[in-house]
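> Below is the file coords-v7.cif, which contains mmCIF, C-alpha atoms.
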```cif
data_model
loop_
_atom_site.label_atom_id
_atom_site.label_comp_id
_atom_site.auth_asym_id
_atom_site.auth_seq_id
_atom_site.Cartn_x
_atom_site.Cartn_y
_atom_site.Cartn_z
CA MET E 151 -12.29 62.46 -24.65
CA PRO E 152 -8.86 60.80 -24.33
CA ALA E 153 -6.71 60.55 -27.44
CA ALA E 154 -4.78 57.29 -27.84
CA LEU E 155 -1.88 56.55 -30.16
CA ILE E 156 -0.73 52.96 -30.61
CA GLU E 157 2.69 52.44 -32.16
CA VAL E 158 3.75 49.04 -33.46
CA ARG E 159 6.78 47.76 -35.36
CA CYS E 160 5.22 45.26 -37.75
CA ASP E 161 2.48 45.18 -40.33
CA TYR E 162 -0.81 43.72 -39.18
CA SER E 163 -3.85 42.86 -41.24
CA VAL E 164 -6.77 45.28 -41.21
CA VAL E 165 -8.67 42.89 -38.94
CA GLN E 166 -5.72 42.72 -36.50
CA GLU E 167 -5.27 46.50 -36.51
CA ILE E 168 -8.95 47.00 -35.69
CA ALA E 169 -8.68 44.42 -32.88
CA ILE E 170 -5.66 46.24 -31.42
CA MET E 171 -7.44 49.59 -31.58
CA ASP E 172 -10.61 48.08 -30.09
CA ALA E 173 -8.58 46.60 -27.21
CA VAL E 174 -7.30 50.06 -26.27
CA GLN E 175 -10.75 51.63 -26.71
CA THR E 176 -12.30 48.94 -24.50
CA ALA E 177 -9.64 49.60 -21.84
CA LEU E 178 -10.53 53.31 -21.86
CA ILE E 179 -14.23 52.49 -21.53
CA ARG E 180 -13.68 50.08 -18.63
CA ALA E 181 -11.01 51.93 -16.68
CA PHE E 182 -11.77 55.60 -17.40
CA ARG E 183 -15.51 55.13 -18.06
CA VAL E 184 -15.22 56.84 -21.42
CA PRO E 185 -18.51 56.70 -23.35
CA GLU E 186 -18.49 54.07 -26.10
CA THR E 187 -19.15 56.76 -28.69
CA ASP E 188 -16.09 58.78 -27.59
CA ARG E 189 -13.48 57.36 -29.99
CA ASN E 190 -10.09 58.87 -30.70
CA VAL E 191 -7.67 55.97 -31.25
CA ARG E 192 -4.95 55.94 -33.90
CA LEU E 193 -2.46 53.25 -34.90
CA ILE E 194 0.90 53.79 -36.58
CA SER E 195 3.01 50.93 -37.92
CA HIS E 196 6.70 51.83 -38.02
CA LEU E 197 9.35 50.23 -40.17
CA PRO E 198 11.30 47.97 -37.80
CA HIS E 199 14.56 49.90 -38.17
CA ARG E 200 12.77 53.06 -37.00
CA PHE E 201 11.51 51.54 -33.75
CA THR E 202 14.14 50.21 -31.39
CA TYR E 203 13.46 47.72 -28.62
CA SER E 204 15.03 46.13 -25.56
CA PRO E 205 17.15 43.10 -26.48
CA GLU E 206 15.43 40.85 -23.92
CA LEU E 207 12.14 40.84 -25.82
CA ALA E 208 11.29 37.38 -27.14
CA ARG E 209 9.29 38.76 -30.10
CA PRO E 210 10.63 42.25 -30.82
CA GLU E 211 8.36 42.59 -33.85
CA LEU E 212 5.44 42.74 -31.36
CA ARG E 213 6.81 45.69 -29.34
CA THR E 214 3.90 48.07 -28.75
CA ILE E 215 3.73 51.52 -27.18
CA VAL E 216 0.37 53.04 -26.25
CA THR E 217 0.38 56.77 -25.55
CA ILE E 218 -2.77 58.30 -24.09
CA GLU E 219 -3.46 61.97 -23.65
CA CYS E 220 -6.33 62.79 -21.33
CA PHE E 221 -7.69 65.42 -19.00
CA ALA E 222 -5.85 65.52 -15.68
CA GLY E 223 -7.43 64.32 -12.47
CA ARG E 224 -8.03 60.58 -12.58
CA SER E 225 -7.07 58.51 -9.56
CA THR E 226 -3.98 56.33 -9.40
CA GLU E 227 -6.25 53.31 -9.09
CA ALA E 228 -8.10 54.25 -12.30
CA LYS E 229 -4.71 54.51 -14.04
CA ARG E 230 -3.63 51.11 -12.71
CA HIS E 231 -6.90 49.69 -14.01
CA LEU E 232 -6.26 51.26 -17.43
CA TYR E 233 -2.75 49.78 -17.68
CA ARG E 234 -4.04 46.30 -16.75
CA GLU E 235 -6.93 46.52 -19.19
CA ILE E 236 -4.64 47.58 -22.04
CA VAL E 237 -2.21 44.72 -21.43
CA GLU E 238 -4.99 42.14 -21.03
CA GLY E 239 -6.75 43.36 -24.18
CA LEU E 240 -3.57 43.30 -26.25
CA GLU E 241 -2.66 39.85 -24.94
CA LYS E 242 -5.94 38.60 -26.44
CA VAL E 243 -4.70 39.69 -29.87
CA GLY E 244 -1.31 38.03 -29.40
CA ILE E 245 0.87 40.82 -28.01
CA PRO E 246 2.77 39.63 -24.91
CA ALA E 247 2.29 41.71 -21.75
CA ASP E 248 6.00 42.40 -21.39
CA HIS E 249 6.08 43.86 -24.91
CA VAL E 250 3.58 46.65 -24.06
CA SER E 251 4.32 50.05 -22.54
CA THR E 252 1.66 52.63 -21.77
CA ILE E 253 2.51 56.32 -21.43
CA LEU E 254 -0.14 58.59 -19.95
CA HIS E 255 0.00 62.35 -20.50
CA GLU E 256 -2.41 64.31 -18.32
CA ILE E 257 -3.45 67.66 -19.71
CA GLU E 258 -5.19 70.46 -17.83
CA LEU E 259 -8.56 71.46 -19.32
CA GLN E 260 -7.34 74.90 -20.36
CA ASN E 261 -4.59 73.23 -22.44
CA TRP E 262 -6.94 71.14 -24.62
CA GLY E 263 -8.78 72.79 -27.49
CA VAL E 264 -12.18 71.33 -28.37
CA GLY E 265 -14.90 71.94 -30.96
CA GLY E 266 -15.13 75.55 -32.03
CA GLY E 267 -11.56 76.35 -30.99
CA LEU E 268 -12.27 76.79 -27.30
CA PRO E 269 -10.33 75.44 -24.34
CA ALA E 270 -12.12 72.52 -22.69
CA SER E 271 -12.25 74.57 -19.49
CA ASP E 272 -14.68 76.96 -21.25
CA VAL E 273 -17.04 74.25 -22.49
CA ASP E 274 -19.74 72.30 -20.69
CA LEU E 275 -18.60 68.79 -21.58
CA GLY E 276 -21.90 67.40 -20.31
CA ARG E 277 -20.47 64.56 -18.27
CA GLU E 278 -18.32 63.74 -15.28
CA ALA E 279 -15.83 61.53 -17.13
CA ILE E 280 -13.09 64.10 -16.71
CA VAL E 281 -12.35 62.89 -13.21
CA CYS E 282 -13.48 59.35 -12.62
CA PRO E 283 -13.64 57.72 -9.22
CA ASP E 284 -11.42 54.82 -8.25
CA ALA E 285 -12.00 51.95 -10.63
CA THR E 286 -13.36 48.74 -9.23
#
```
Spell out the structure here as structure tokens.


Amino acid sequence: MPAALIEVRCDYSVVQEIAIMDAVQTALIRAFRVPETDRNVRLISHLPHRFTYSPELARPELRTIVTIECFAGRSTEAKRHLYREIVEGLEKVGIPADHVSTILHEIELQNWGVGGGLPASDVDLGREAIVCPDAT
């Protein structure tokens, strides 16, 4: 049930935007074992003057920030796996690894409202994806 927000500083084609979003979704599936049907990925394209960057970037127009909000409790290894998968997936669509930052916000179950307006801690989520074992 993670929610991902991808922020970019250039306009991509629809096909490219879908590929970027799919790369992040695939990373969540592989690293956090999120079910394929669990999709909550958004992409925002900022005007370049509204998205600053470090001057050492070779292609500043490709600067990308991925912010993921998820339930707390995943292992450090699973997080490392997620970061690698995101970078590798975005590299396949032409975004250099050193142009990608991933920010992970872990949220306690009682602080995440789900269907029906209940905290996730009060709902049987029907799976063990909340806390996944070390990724391999």

> I need the output of the PyMOL selection byres ((chain E and resi 217) around 10) for this file as a list of chain:residue names; which residues are they?

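In the shown coordinates, the PyMOL selection byres ((chain E and resi 217) around 10) covers E:Ala153, E:Ala154, E:Leu155, E:Ile156, E:Glu157, E:Val191, E:Arg192, E:Thr214, E:Ile215, E:Val216, E:Ile218, E:Glu219, E:Cys220, E:Ser251, E:Thr252, E:Ile253, E:Leu254, E:His255.
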
> Between atom CA of E:Glu167 and atom CA of E:Thr226, what is the distance in Å, rounded to a tenth?

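Taking atom CA of E:Glu167 as the start and atom CA of E:Thr226 as the end point, the length is 28.9 Å.
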
> Work out how far apart atom CA of E:Val174 and atom CA of E:Val243 are and give it in Å to one decimal.

11.3 Å

> Given the choices E:His249, E:His196, E:Arg159, E:Arg180, which gets closest to E:Glu235 if the distance is worked out from only C-alpha atoms?

E:Arg180

> May I have the residues within 9 Å of E:Cys160 as number ranges by chain, using all atoms listed in the file and disregarding those fewer than 6 positions away in the same chain?

E: 195-198, 211-213

> Between E:Ile236, E:Val250, E:Leu178, E:Leu207, which is the closest to E:Asn190 once you count all atoms listed in the file?

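Comparing E:Ile236, E:Val250, E:Leu178, E:Leu207 against E:Asn190, the winner is E:Leu178.
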
> So the first atom is atom CA of E:Asp274 and the second is atom CA of E:His231; what is the distance between them in Å, to one decimal place?

26.8 Å

> Ranking E:Asp272, E:Met171, E:Pro152, E:Val184 by minimum distance to E:Glu256 and counting all atoms listed in the file, which one comes first?

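Checking each of E:Asp272, E:Met171, E:Pro152, E:Val184 against E:Glu256, counting all atoms listed in the file, the winner is E:Pro152.
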
> For each of E:Ile245, E:Val158, E:Ala270, E:Leu240, take the minimum atom-to-atom distance to E:Arg209, counting only C-alpha atoms, then give the residue where this is smallest.

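The closest residue to E:Arg209 is E:Ile245.
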
> Kindly resolve the PyMOL selection byres ((chain E and resi 259) around 8) on the present coordinates and return the residues as a ChimeraX atom specification.

/E:221-222,257-258,260-262,269-271

> Could the centre and edge lengths of an axis-aligned box, enclosing all atoms of stretch 211-220 of chain E in the file with 8 Å extra on each side, be given in Å to one decimal as AutoDock Vina command-line options?


```
--center_x 1.0 --center_y 52.7 --center_z -27.6 --size_x 30.7 --size_y 36.2 --size_z 28.5
```

> Looking at only C-alpha atoms, which of E:Thr187, E:Ala177, E:Phe182, E:Ile194 is the one that sits closest to E:Asp161?

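Smallest separation from E:Asp161 among the options: E:Ile194.
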
> With all atoms listed in the file as the atoms that count, which of E:Val273, E:Ala208, E:Leu232, E:Ala247 lies nearest to E:Gln175?

E:Leu232
